[in-house]
Every structure is written in structure tokens, then in C-alpha cells.
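Asker: Handing over my_file_33.txt, compact mmCIF, C-alpha atoms and all ligand atoms.
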# COMPACT_ATOMS: atom_id res chain seq x y z
CA MET A 1 -23.99 57.80 -16.57
CA LYS A 2 -21.91 56.56 -19.42
CA SER A 3 -18.64 54.91 -18.56
CA ARG A 4 -15.65 56.34 -20.35
CA LEU A 5 -13.59 53.19 -19.95
CA PRO A 6 -13.88 50.52 -22.64
CA VAL A 7 -15.75 47.56 -21.23
CA ALA A 8 -14.33 44.22 -22.21
CA ASP A 9 -16.84 42.00 -23.91
CA LEU A 10 -16.37 38.97 -21.69
CA GLU A 11 -19.14 37.05 -23.41
CA ALA A 12 -17.53 37.35 -26.80
CA HIS A 13 -14.14 36.51 -25.40
CA ALA A 14 -15.43 33.31 -23.82
CA ARG A 15 -17.20 32.40 -27.05
CA GLN A 16 -13.98 32.84 -28.99
CA ARG A 17 -12.06 30.69 -26.57
CA ARG A 18 -14.65 27.93 -26.78
CA GLU A 19 -14.60 28.06 -30.55
CA ALA A 20 -10.81 27.87 -30.70
CA GLY A 21 -10.81 24.95 -28.28
CA LYS A 22 -13.33 23.07 -30.37
CA GLN A 23 -11.30 23.57 -33.48
CA ALA A 24 -8.12 22.38 -31.80
CA THR A 25 -9.92 19.25 -30.65
CA GLU A 26 -11.19 18.67 -34.17
CA ARG A 27 -7.71 19.00 -35.59
CA ARG A 28 -6.28 16.61 -33.02
CA LEU A 29 -9.02 14.10 -33.74
CA GLU A 30 -8.27 14.26 -37.44
CA ARG A 31 -4.59 13.72 -36.75
CA GLU A 32 -5.20 10.78 -34.42
CA ARG A 33 -7.70 9.22 -36.80
CA GLY A 34 -5.19 9.51 -39.63
CA LEU A 35 -2.39 7.91 -37.62
CA ALA A 36 -4.61 5.13 -36.32
CA ARG A 37 -5.85 4.43 -39.86
CA ARG A 38 -2.29 4.14 -41.11
CA ALA A 39 -1.48 1.68 -38.33
CA ALA A 40 -4.61 -0.31 -39.11
CA ASP A 41 -3.68 -0.46 -42.80
CA TRP A 42 -0.18 -1.57 -41.91
CA LEU A 43 -1.62 -4.42 -39.85
CA GLY A 44 -3.81 -5.58 -42.73
CA GLU A 45 -5.03 -9.10 -42.05
CA ASP A 46 -4.03 -9.04 -38.41
CA LEU A 47 -6.30 -6.18 -37.48
CA ILE A 48 -9.17 -7.46 -35.38
CA GLU A 49 -11.04 -4.23 -34.89
CA PHE A 50 -10.73 -0.49 -35.35
CA ILE A 51 -12.66 1.38 -32.67
CA GLU A 52 -13.37 5.07 -32.38
CA PHE A 53 -15.23 5.84 -29.20
CA ARG A 54 -15.82 9.39 -27.94
CA GLY A 55 -12.83 10.70 -29.77
CA GLN A 56 -10.46 7.94 -28.69
CA MET A 57 -8.89 5.56 -31.18
CA THR A 58 -8.22 1.93 -30.40
CA ILE A 59 -6.76 -0.64 -32.70
CA VAL A 60 -7.17 -4.25 -31.73
CA THR A 61 -4.46 -6.51 -33.05
CA LYS A 62 -3.68 -10.18 -32.95
CA LEU A 63 -1.26 -11.10 -30.21
CA ALA A 64 1.37 -12.40 -32.59
CA ARG A 65 1.79 -9.02 -34.23
CA SER A 66 1.47 -6.80 -31.15
CA ASN A 67 5.17 -6.27 -30.62
CA ALA A 68 5.86 -5.66 -34.28
CA LEU A 69 3.06 -3.12 -34.29
CA LEU A 70 4.45 -1.33 -31.24
CA THR A 71 7.88 -1.18 -32.79
CA TRP A 72 6.46 0.17 -36.01
CA LEU A 73 4.37 2.75 -34.18
CA ARG A 74 7.41 3.90 -32.26
CA ASP A 75 9.75 4.09 -35.25
CA GLU A 76 7.46 5.21 -38.06
CA LEU A 77 4.66 7.16 -36.43
CA GLU A 78 6.70 8.70 -33.61
CA PHE A 79 4.63 7.24 -30.78
CA ASP A 80 7.58 7.78 -28.51
CA MET A 81 5.97 7.34 -25.11
CA MET A 82 4.22 4.48 -23.42
CA VAL A 83 1.80 6.10 -21.02
CA ASP A 84 0.48 2.92 -19.53
CA LEU A 85 0.23 -0.79 -19.98
CA THR A 86 -2.47 -2.70 -18.23
CA ALA A 87 -4.79 -5.64 -18.57
CA VAL A 88 -8.51 -6.31 -18.40
CA ASP A 89 -10.29 -9.44 -17.30
CA TYR A 90 -13.38 -9.78 -19.49
CA MET A 91 -14.62 -12.79 -17.59
CA LYS A 92 -17.72 -11.18 -16.12
CA LEU A 93 -18.10 -8.34 -18.60
CA GLU A 94 -21.07 -8.36 -20.94
CA GLY A 95 -20.28 -8.55 -24.59
CA ASP A 96 -18.41 -10.81 -26.91
CA TYR A 97 -14.69 -11.13 -26.41
CA PRO A 98 -12.53 -13.64 -28.22
CA GLU A 99 -10.41 -14.35 -25.14
CA ARG A 100 -10.61 -13.80 -21.41
CA PHE A 101 -7.81 -11.27 -20.98
CA GLY A 102 -7.18 -8.05 -22.80
CA LEU A 103 -3.77 -6.42 -22.80
CA VAL A 104 -3.93 -2.67 -23.31
CA TYR A 105 -1.15 -0.31 -24.32
CA HIS A 106 -1.67 3.43 -24.11
CA LEU A 107 0.69 5.30 -26.38
CA ALA A 108 1.37 8.98 -26.86
CA ASN A 109 3.02 10.85 -29.66
CA THR A 110 4.72 13.81 -28.05
CA VAL A 111 5.91 15.20 -31.38
CA ARG A 112 2.56 15.49 -33.11
CA GLU A 113 0.37 15.47 -30.02
CA ALA A 114 -1.66 12.37 -30.51
CA ARG A 115 -2.73 9.42 -28.46
CA LEU A 116 -3.52 5.86 -29.41
CA ARG A 117 -4.65 2.75 -27.62
CA VAL A 118 -3.57 -0.68 -28.77
CA ARG A 119 -5.35 -3.75 -27.48
CA THR A 120 -4.72 -7.42 -27.87
CA TYR A 121 -6.23 -10.56 -26.39
CA VAL A 122 -4.53 -13.21 -24.30
CA ALA A 123 -6.03 -16.64 -23.83
CA GLU A 124 -6.89 -17.96 -20.39
CA GLU A 125 -5.40 -21.39 -21.11
CA ASP A 126 -2.05 -19.95 -22.11
CA PRO A 127 -1.70 -16.59 -20.38
CA ARG A 128 1.52 -15.39 -21.93
CA ALA A 129 2.48 -12.51 -24.15
CA PRO A 130 5.74 -11.18 -25.56
CA THR A 131 7.28 -8.48 -23.44
CA ALA A 132 7.04 -4.93 -24.72
CA SER A 133 9.89 -3.81 -22.51
CA ASN A 134 12.39 -4.07 -25.33
CA VAL A 135 10.27 -1.64 -27.32
CA TYR A 136 9.36 0.73 -24.51
CA LYS A 137 11.45 0.61 -21.35
CA ALA A 138 8.46 1.91 -19.39
CA ALA A 139 6.73 -1.40 -19.97
CA ASN A 140 9.05 -3.23 -17.61
CA TRP A 141 7.39 -2.38 -14.30
CA ALA A 142 3.93 -2.15 -15.83
CA GLU A 143 4.29 -5.74 -17.00
CA ARG A 144 5.36 -6.79 -13.55
CA GLU A 145 2.20 -5.22 -12.21
CA VAL A 146 0.08 -7.05 -14.78
CA TYR A 147 1.82 -10.26 -13.83
CA ASP A 148 1.22 -9.53 -10.16
CA MET A 149 -2.45 -8.71 -10.50
CA PHE A 150 -3.60 -10.86 -13.43
CA GLY A 151 -1.03 -13.61 -13.67
CA LEU A 152 -0.19 -12.97 -17.32
CA GLU A 153 3.38 -13.94 -18.06
CA PHE A 154 5.67 -12.05 -20.37
CA ASP A 155 8.23 -13.92 -22.42
CA ASP A 156 11.77 -12.56 -22.32
CA HIS A 157 11.00 -10.14 -19.53
CA SER A 158 14.18 -9.26 -17.67
CA ASN A 159 12.81 -9.53 -14.13
CA LEU A 160 9.30 -10.91 -13.97
CA ILE A 161 8.58 -10.91 -10.23
CA ARG A 162 5.79 -9.37 -8.19
CA ILE A 163 5.97 -5.63 -7.82
CA LEU A 164 3.21 -4.69 -5.35
CA LEU A 165 2.17 -7.75 -3.41
CA PRO A 166 4.57 -9.57 -1.11
CA LEU A 167 6.76 -12.03 -2.95
CA GLU A 168 5.37 -15.04 -1.14
CA TYR A 169 1.79 -14.15 -2.11
CA SER A 170 0.00 -16.79 -4.10
CA GLY A 171 -2.82 -15.69 -6.37
CA HIS A 172 -3.65 -12.86 -8.72
CA PRO A 173 -6.26 -10.66 -7.06
CA LEU A 174 -7.49 -8.61 -10.03
CA ARG A 175 -8.77 -11.71 -11.76
CA LYS A 176 -12.53 -11.57 -11.56
CA ASP A 177 -12.80 -15.04 -10.08
CA TYR A 178 -10.60 -14.05 -7.17
CA PRO A 179 -12.65 -13.52 -3.99
CA LEU A 180 -12.68 -9.97 -2.61
CA ARG A 181 -11.58 -11.15 0.80
CA GLY A 182 -8.84 -13.28 -0.63
CA ARG A 183 -8.16 -16.91 0.07
CA GLY A 184 -7.09 -16.47 3.67
CA GLU A 185 -3.80 -14.73 2.96
CA ARG A 186 -4.64 -11.99 5.40
CA ASP A 187 -5.13 -14.48 8.24
CA ASN A 188 -1.90 -16.25 7.48
CA PHE A 189 0.56 -14.73 9.88
CA PRO A 190 2.41 -16.28 12.74
CA VAL A 191 1.15 -14.97 16.08
CA ILE A 192 3.47 -13.13 18.43
CA ARG A 193 2.58 -13.39 22.08
CA ARG A 194 4.19 -11.95 25.11
CA ASP A 195 6.59 -14.42 26.66
CA ARG A 196 4.44 -14.29 29.74
CA GLU A 197 1.49 -15.62 27.70
CA ASP A 198 3.65 -18.27 26.12
CA GLU A 199 4.33 -19.72 29.51
CA ALA A 200 0.69 -19.74 30.53
CA MET B 1 3.73 6.53 60.37
CA GLY B 2 5.93 3.47 60.19
CA LEU B 3 9.32 3.78 58.57
CA GLU B 4 8.87 7.38 57.52
CA ASP B 5 8.36 8.44 61.11
CA LEU B 6 11.59 6.76 62.09
CA LEU B 7 13.63 8.34 59.31
CA GLY B 8 12.22 11.80 59.65
CA GLU B 9 11.24 14.30 57.00
CA GLY B 10 12.25 13.85 53.38
CA PHE B 11 11.98 10.07 53.33
CA LEU B 12 9.37 7.90 51.72
CA ALA B 13 8.95 4.17 52.06
CA THR B 14 7.96 2.27 48.93
CA ARG B 15 8.83 -0.82 46.96
CA VAL B 16 11.48 -0.71 44.25
CA LYS B 17 8.97 -2.27 41.90
CA ASP B 18 6.55 0.59 42.48
CA LEU B 19 9.24 3.18 42.12
CA LEU B 20 10.27 1.73 38.78
CA ALA B 21 6.68 1.60 37.61
CA TRP B 22 6.20 5.21 38.63
CA GLY B 23 9.20 6.19 36.58
CA ARG B 24 8.16 4.15 33.60
CA LYS B 25 4.61 5.28 33.43
CA ASN B 26 5.58 8.92 33.43
CA SER B 27 8.20 8.61 30.74
CA LEU B 28 6.66 6.48 28.03
CA TRP B 29 8.51 6.80 24.75
CA PRO B 30 6.08 6.09 21.94
CA MET B 31 7.04 4.45 18.67
CA PRO B 32 4.51 5.85 16.19
CA PHE B 33 3.50 3.27 13.63
CA GLY B 34 1.29 5.62 11.65
CA THR B 35 0.26 4.17 8.32
CA ALA B 36 -2.83 6.18 7.45
CA CYS B 37 -5.15 9.00 8.47
CA CYS B 38 -5.08 8.07 12.16
CA ALA B 39 -1.44 9.12 12.17
CA ILE B 40 -2.52 12.69 11.48
CA GLU B 41 -4.56 12.64 14.66
CA MET B 42 -1.62 11.10 16.46
CA MET B 43 0.58 13.97 15.30
CA SER B 44 -1.85 16.53 16.56
CA THR B 45 -2.04 14.73 19.89
CA LEU B 46 1.71 14.90 20.19
CA SER B 47 2.04 18.52 19.20
CA SER B 48 1.36 21.60 21.23
CA ARG B 49 -2.43 21.89 21.14
CA TYR B 50 -3.17 18.57 22.83
CA ASP B 51 0.34 18.13 24.11
CA MET B 52 0.89 14.57 25.13
CA SER B 53 4.01 15.65 27.00
CA ARG B 54 1.71 16.64 29.83
CA PHE B 55 1.57 12.90 30.50
CA GLY B 56 5.23 12.28 29.91
CA ALA B 57 4.87 10.61 26.53
CA GLU B 58 6.27 13.22 24.22
CA VAL B 59 9.63 11.75 23.24
CA VAL B 60 8.64 10.10 20.00
CA ARG B 61 11.25 7.59 18.92
CA PHE B 62 11.39 6.47 15.33
CA SER B 63 13.68 3.67 16.31
CA PRO B 64 11.82 0.82 17.99
CA ARG B 65 14.92 0.02 20.00
CA GLN B 66 14.48 3.23 21.93
CA ALA B 67 10.75 3.03 22.48
CA ASP B 68 8.49 1.23 24.91
CA LEU B 69 5.02 2.12 23.66
CA LEU B 70 3.91 1.06 20.20
CA ILE B 71 1.04 3.10 18.77
CA VAL B 72 -0.42 1.39 15.70
CA GLY B 73 -2.43 4.10 14.01
CA GLY B 74 -3.81 3.25 10.59
CA ARG B 75 -4.35 0.48 8.13
CA VAL B 76 -1.97 -2.44 8.20
CA THR B 77 -1.68 -4.41 4.99
CA LEU B 78 -0.36 -7.86 4.22
CA LYS B 79 3.00 -6.44 3.29
CA MET B 80 3.19 -4.24 6.39
CA MET B 81 2.33 -6.90 8.96
CA PRO B 82 5.76 -8.61 8.93
CA VAL B 83 7.31 -5.16 9.35
CA LEU B 84 5.05 -4.41 12.29
CA GLN B 85 5.89 -7.74 13.89
CA ARG B 86 9.54 -7.06 13.42
CA ILE B 87 9.22 -3.65 15.00
CA TRP B 88 7.38 -5.13 17.95
CA LEU B 89 10.11 -7.70 18.44
CA GLN B 90 12.77 -5.06 18.22
CA MET B 91 11.32 -3.04 21.07
CA PRO B 92 13.01 -3.88 24.34
CA GLU B 93 10.98 -5.11 27.28
CA PRO B 94 9.00 -3.89 29.06
CA LYS B 95 6.74 -2.69 26.29
CA TRP B 96 3.11 -1.81 25.69
CA SER B 97 1.01 -1.32 22.63
CA ILE B 98 -2.02 0.68 21.58
CA SER B 99 -4.22 -0.20 18.62
CA MET B 100 -5.54 3.15 17.46
CA GLY B 101 -8.68 3.47 15.37
CA ALA B 102 -11.06 1.15 13.62
CA CYS B 103 -8.58 0.03 10.98
CA ALA B 104 -5.84 -1.11 13.30
CA SER B 105 -8.34 -2.75 15.64
CA CYS B 106 -10.54 -4.61 13.17
CA GLY B 107 -9.78 -3.63 9.59
CA GLY B 108 -12.37 -0.87 9.55
CA VAL B 109 -14.27 -0.54 6.31
CA PHE B 110 -11.45 -2.15 4.35
CA ASP B 111 -12.63 -5.72 4.24
CA THR B 112 -10.44 -6.85 1.36
CA TYR B 113 -7.80 -9.45 0.63
CA THR B 114 -4.92 -7.21 1.46
CA MET B 115 -6.01 -5.75 4.80
CA ILE B 116 -5.22 -7.27 8.17
CA GLN B 117 -8.50 -7.47 10.07
CA GLY B 118 -7.10 -6.32 13.38
CA VAL B 119 -3.46 -6.25 14.39
CA ASP B 120 -4.31 -7.95 17.68
CA GLN B 121 -4.52 -11.22 15.79
CA PHE B 122 -0.78 -11.23 15.37
CA ILE B 123 0.80 -8.94 17.96
CA PRO B 124 -0.19 -8.24 21.56
CA VAL B 125 -2.42 -5.20 22.08
CA ASP B 126 -3.01 -3.65 25.48
CA VAL B 127 -5.46 -0.85 24.74
CA TYR B 128 -7.82 -0.40 21.81
CA ILE B 129 -9.13 3.00 20.76
CA PRO B 130 -12.41 3.11 18.87
CA GLY B 131 -13.15 5.80 16.32
CA CYS B 132 -12.37 6.74 12.77
CA PRO B 133 -10.24 8.61 13.52
CA PRO B 134 -10.27 8.71 17.32
CA ARG B 135 -10.08 12.17 18.80
CA PRO B 136 -6.81 13.23 20.41
CA GLU B 137 -8.52 12.99 23.78
CA ASN B 138 -9.14 9.30 23.09
CA LEU B 139 -5.48 8.72 22.46
CA ILE B 140 -4.56 10.59 25.63
CA ASP B 141 -7.09 8.46 27.46
CA ALA B 142 -5.46 5.34 26.05
CA VAL B 143 -2.06 6.47 27.26
CA ARG B 144 -3.57 7.06 30.70
CA LEU B 145 -4.98 3.54 30.65
CA ILE B 146 -1.54 2.20 29.77
CA GLN B 147 -0.16 4.17 32.69
CA ASP B 148 -2.73 2.55 34.96
CA GLN B 149 -1.67 -0.85 33.69
CA ILE B 150 1.94 -0.04 34.39
CA SER B 151 1.34 1.15 37.93
CA SER B 152 -0.80 -1.89 38.70
CA HIS B 153 1.95 -4.19 37.32
CA GLU B 154 -0.39 -5.88 34.88
CA ILE B 155 2.41 -6.45 32.46
CA GLN B 156 5.59 -7.78 33.98
CA GLN B 157 9.03 -7.20 32.74
CA VAL B 158 10.44 -10.26 31.07
CA ILE B 159 13.94 -11.15 32.12
CA ASP B 160 16.10 -13.31 29.92
CA GLU B 161 17.10 -16.24 32.09
CA GLN B 162 20.52 -16.70 30.57
CA THR B 163 21.76 -13.14 30.46
CA GLY B 164 19.74 -11.66 33.30
CA VAL B 165 18.79 -8.59 31.27
CA PRO B 166 15.35 -7.62 29.98
CA SER B 167 14.82 -9.66 26.83
CA LEU B 168 16.09 -8.10 23.65
CA PRO B 169 14.99 -8.58 20.07
CA ARG B 170 15.68 -12.08 18.96
CA LEU B 171 16.67 -12.52 15.36
CA LYS B 172 16.21 -16.25 15.50
CA HIS B 173 12.64 -15.57 16.48
CA MET B 174 12.19 -13.45 13.38
CA GLN B 175 13.69 -16.07 11.11
CA ALA B 176 11.36 -18.64 12.54
CA LEU B 177 8.45 -16.27 11.92
CA ARG B 178 9.38 -15.82 8.30
CA ALA B 179 9.71 -19.55 7.75
CA GLU B 180 6.36 -20.10 9.45
CA ARG B 181 4.72 -17.57 7.20
CA ALA B 182 6.14 -19.18 4.09
CA ARG B 183 4.89 -22.53 5.30
CA LEU B 184 1.38 -21.18 5.84
CA ALA B 185 1.33 -19.49 2.45
CA GLY B 186 2.57 -22.67 0.79
CA THR B 187 5.49 -20.98 -0.95
CA PRO B 188 9.22 -21.28 -0.35
CA ALA B 189 10.71 -18.91 2.21
CA ILE B 190 12.49 -15.90 0.85
CA GLU B 191 16.04 -15.53 1.96
CA ILE B 192 16.65 -12.03 3.26
CA GLN B 193 19.95 -11.19 4.81
CA GLU B 194 19.66 -10.03 8.38
CA PRO B 195 21.65 -6.91 9.05
CA ALA B 196 24.80 -7.77 10.96
S1 LIG C 301 -9.69 4.26 11.48
FE1 LIG C 301 -10.39 5.85 10.07
S2 LIG C 301 -8.97 7.56 10.42
FE2 LIG C 301 -8.01 5.71 11.26
S3 LIG C 301 -6.75 4.89 9.63
FE3 LIG C 301 -8.73 3.89 9.49
S4 LIG C 301 -9.88 5.12 8.01
FE4 LIG C 301 -8.15 6.36 8.71
Transcribe the structure of this file into C-alpha cells.
Ligand code: SF4
Answerer:
Amino acid sequence: MKSRLPVADLEAHARQRREAGKQATERRLERERGLARRAADWLGEDLIEFIEFRGQMTIVTKLARSNALLTWLRDELEFDMMVDLTAVDYMKLEGDYPERFGLVYHLANTVREARLRVRTYVAEEDPRAPTASNVYKAANWAEREVYDMFGLEFDDHSNLIRILLPLEYSGHPLRKDYPLRGRGERDNFPVIRRDREDEA
Amino acid sequence: MGLEDLLGEGFLATRVKDLLAWGRKNSLWPMPFGTACCAIEMMSTLSSRYDMSRFGAEVVRFSPRQADLLIVGGRVTLKMMPVLQRIWLQMPEPKWSISMGACASCGGVFDTYTMIQGVDQFIPVDVYIPGCPPRPENLIDAVRLIQDQISSHEIQQVIDEQTGVPSLPRLKHMQALRAERARLAGTPAIEIQEPA
């Protein structure tokens, strides 16, 4: 028997949706690529690398220009949000890295819907970097975390103290040469006994 | 027989010590130190289905100063251990403690720099409960074991010699602990104001 109701073509609908999604992704990629290219051109000499990997743009800059770049990105390209700031220890990672530590900034442009990653390298011998907290306020705590976990120091930071680990902790556990079980910190507590046991 | 025969019906001869222990063991007030998944099991033990109040231990006190049974249920980290020690010191005597679950008893699967590998290294523990998490019945069993300890006077009340009252939390003890910890860690002690 023939149905008198119109049957929705679910297949076609799904196809359309997929197609539209693909196109939106393409457009976003174009936009991000364009913005990242502009930033790379602005850096000129100080650009170390321009990476596009699976639709994500990364520009690698020299440390000396990182803050200037962030400021420029914020003011000129409307990257108005710092999503995250973190670090990487390349010590045991395969591949060729100019320095041991990488400092990574994840930025988002909420006006034009684009994302960008900025990376810079910090030397092991002199683990310091300029603070980004005067460019993005959100960097303040993130930098404290990086200091806590990797021991990188940030110049001009307003309050560079540990954020997660106890203040009296010594060591930076996300460094790859830090032992998983620590250096005895966890066994380092005074022992409380019952008074009765004290006497015995 | 004996005294009861002399006094007639309605009288019972016992020792004051035993009477006190009987009262204590049937009115344990737990201080739940639940820091992870074990705490969920602790909650279910305390609520109506398993109903710990059948054994007199239902008045959960979130102030250590009103509790006499510490239940450590869950992972204890580096940063939490001083807090746990402080809570233990704040509980008035006589007091008992239960280490609930694999994590509290030995660190469980979390063998990393930040996990205490067993709270019994640093505070007294009377009963350990195995399991990950232990079933509510295990916790009830642990409370029953504590009750047995109380009625057999295994843990005596500590009386402060100077004041004649059961010993109270000692702030100077805590300050000494903090200094000791700083010494062991090789960093200067952090000055934290004690509440007045
Ligand atoms: S013993 Fe198991 S259930 Fe209990 S806190 Fe540890 S992981 Fe969670």
C-alpha cells in the first residue's frame, strides 16, 4: 500500500549536512591559514617554522619576539583569548629540537572564529621567558603551573609561586628526568603516634 | 549472684570503665575524610540502605572536634597529608581510625610522586579495610571491629597530666610538625597564622 504521507529523505538530509559541515571546515581552515601566514610574514626573520598539521596552524617563533608577537596577534588579528599556555619537555622525544623546553600558547579569535598555536623554545641552561600575563591576563595562573611543573621562570610575573604542589615542594615533576615516584617527598612527613605509643 | 542478689531487681554490677566503653562503642561519631571514590561507598553505608546507625555510628560530624572515629576513605596526596594530620590532632581523645580501601592503606594503584603510600605511615590506624572500593558490609565490619577494640580497652584514654582532662588538640604540636616537615624537605618553613 502506498503511503500518503511524504516520507522525509533522511539519507539526502544527512548528506547535505555532511557537505555543509565540510565546507564550513574548509572556510575556517582558509581563514586560519591566512591569519597564520600574516603572523608569519610579520615575524620575518624571527620565524623558526610554520607548521600546518591536520588542519592546525602553529607558528614557531624565537623567544625574544614571542611577547611582541602575542601583543600583535591580540591587537591586530583579534586573537582575543588565550585558551591555554603550557610547556613541553622535549628531552626524551624523538626528533630535532633546538632547545629542551617548548613553551606553547593556544590562542583563539572569537570574532572571526579561528585558532592558532604559537610555540617558542626555552633553553635548559637558562630556563626563563618573559611573562605573557601582561598581554593576556589568563596567562598568570597558567605560567604558575608551568613554573610548578617544569621549573621555567617568567620574568616580571606578578606572583610566581607554586600553584598545585605544596609550597615547600622541591622539584619540578613534569620534567622528563624527574622520577615517577619522586625523590622521597611522599615519605617525608613527620609521624604522629598515639601518646601511649610515645611512652612505650 | 553476688552484689545483684543483695540489691535486688533492677541493679547491675559492673565497672565504670566498662560502662563508659559500652557507651562509647555504641555511639561512635565518625569524621568522614572522604577524598575519592571510597567516599561514595562510605556515603551509601551511612545512608538508609546499609544504615550504619544500626551500630550507633550514624552521627557524621564534619568537625573533627566533635568526632571520635576517623574514616580515611580515598587517596591522600602530599598536599592532603598535613591536613589529615591536623584533623587527627584536632579530634579529642579517645579516638579511633579506620583506613578504608586500597588507596588509604597502601597507595593502591597510584604509585606516583604525589601519593602517600599508606596513611598508616604518618597517623595511627586501628583497622584497615581491603578492597577497591570495599563493600559497605566491609565498612560495617570495620566499625564492629573498632567496637570490639573499645570494649576490650585496647586503646586507653589519654589524660593530660596537667589539666586532668582528656588531651585536646595541641597547636604547639602542629607547629612542630610543620617545622619538622620543612626540615625534611630541605626548604624553609612556611609561616601560616594559626587561627586564634
Ligand atoms: S581504593 Fe579504589 S575505590 Fe577506594 S579511593 Fe582508591 S581507587 Fe577509589
Asker: Using all atoms listed in the file, which protein or nucleic acid residues come within 12 Å of Arg181 of chain A? Drop anything in the same chain fewer than 2 positions from it, and give the result as a ChimeraX atom specification.
Answerer: /A:173-174,177-179,183-187 /B:107,110-117
Asker: If the box runs along x, y and z of the file and leaves 5 Å on each side of ligand LIG 301 (chain C), what are its centre and edge lengths in Å, one decimal, as JSON?
Answerer:
{"center_x": -8.6, "center_y": 5.7, "center_z": 9.7, "size_x": 13.6, "size_y": 13.7, "size_z": 13.5}
Asker: Considering only C-alpha atoms, extract the chain A residues located within 6 Å of chain B and return them as a PDB file with C-alpha atoms, in the coordinates of the input.
Answerer:
ATOM      1  CA  PRO A 166       4.570  -9.570  -1.110  1.00  0.00           C
ATOM      2  CA  GLU A 168       5.370 -15.040  -1.140  1.00  0.00           C
ATOM      3  CA  LEU A 180     -12.680  -9.970  -2.610  1.00  0.00           C
ATOM      4  CA  ARG A 181     -11.580 -11.150   0.800  1.00  0.00           C
ATOM      5  CA  GLY A 182      -8.840 -13.280  -0.630  1.00  0.00           C
ATOM      6  CA  ARG A 186      -4.640 -11.990   5.400  1.00  0.00           C
ATOM      7  CA  PHE A 189       0.560 -14.730   9.880  1.00  0.00           C
ATOM      8  CA  VAL A 191       1.150 -14.970  16.080  1.00  0.00           C
ATOM      9  CA  ILE A 192       3.470 -13.130  18.430  1.00  0.00           C
ATOM     10  CA  ARG A 193       2.580 -13.390  22.080  1.00  0.00           C
TER      11      ARG A 193
END
Asker: How far is it from atom CA of Ala132 of chain A to atom CA of Glu49 of chain A, in Å with one decimal?
Answerer: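 Value for the atom CA of Ala132 of chain A-atom CA of Glu49 of chain A distance: 20.8 Å.
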Asker: Find the distance between atom CA of Tyr50 of chain B and atom CA of Gly108 of chain B and write it in Å to one decimal.
Answerer: 25.3 Å
Asker: Around ligand LIG 301 (chain C), out to 9 Å and counting only C-alpha atoms and all ligand atoms, which residues are there? I want them as a PyMOL selection string.
Answerer: chain B and resi 34-41+73-76+100-105+107-110+130-134
Asker: So that I can check the surroundings of segment 25-28 of chain A, please list as number ranges by chain every protein, DNA and RNA residue that reaches within 9 Å of it, counting only C-alpha atoms and ignoring chain neighbours fewer than 5 positions away.
Answerer: A: 20, 33, 112-114
Asker: What separation in Å, quoted to one decimal, exists between atom CA of Val60 of chain B and atom CA of Pro94 of chain B?
Answerer: 16.7 Å
Asker: Could you give me, as a list in words, the residues within 10 Å of Glu137 of chain B, counting only C-alpha atoms and dropping anything in the same chain fewer than 2 positions from it?
Answerer: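 Here the answer would be Glu41, Thr45, Tyr50, Met52, Pro134, Arg135, Leu139, Ile140, Asp141, Ala142 and Val143 of chain B.
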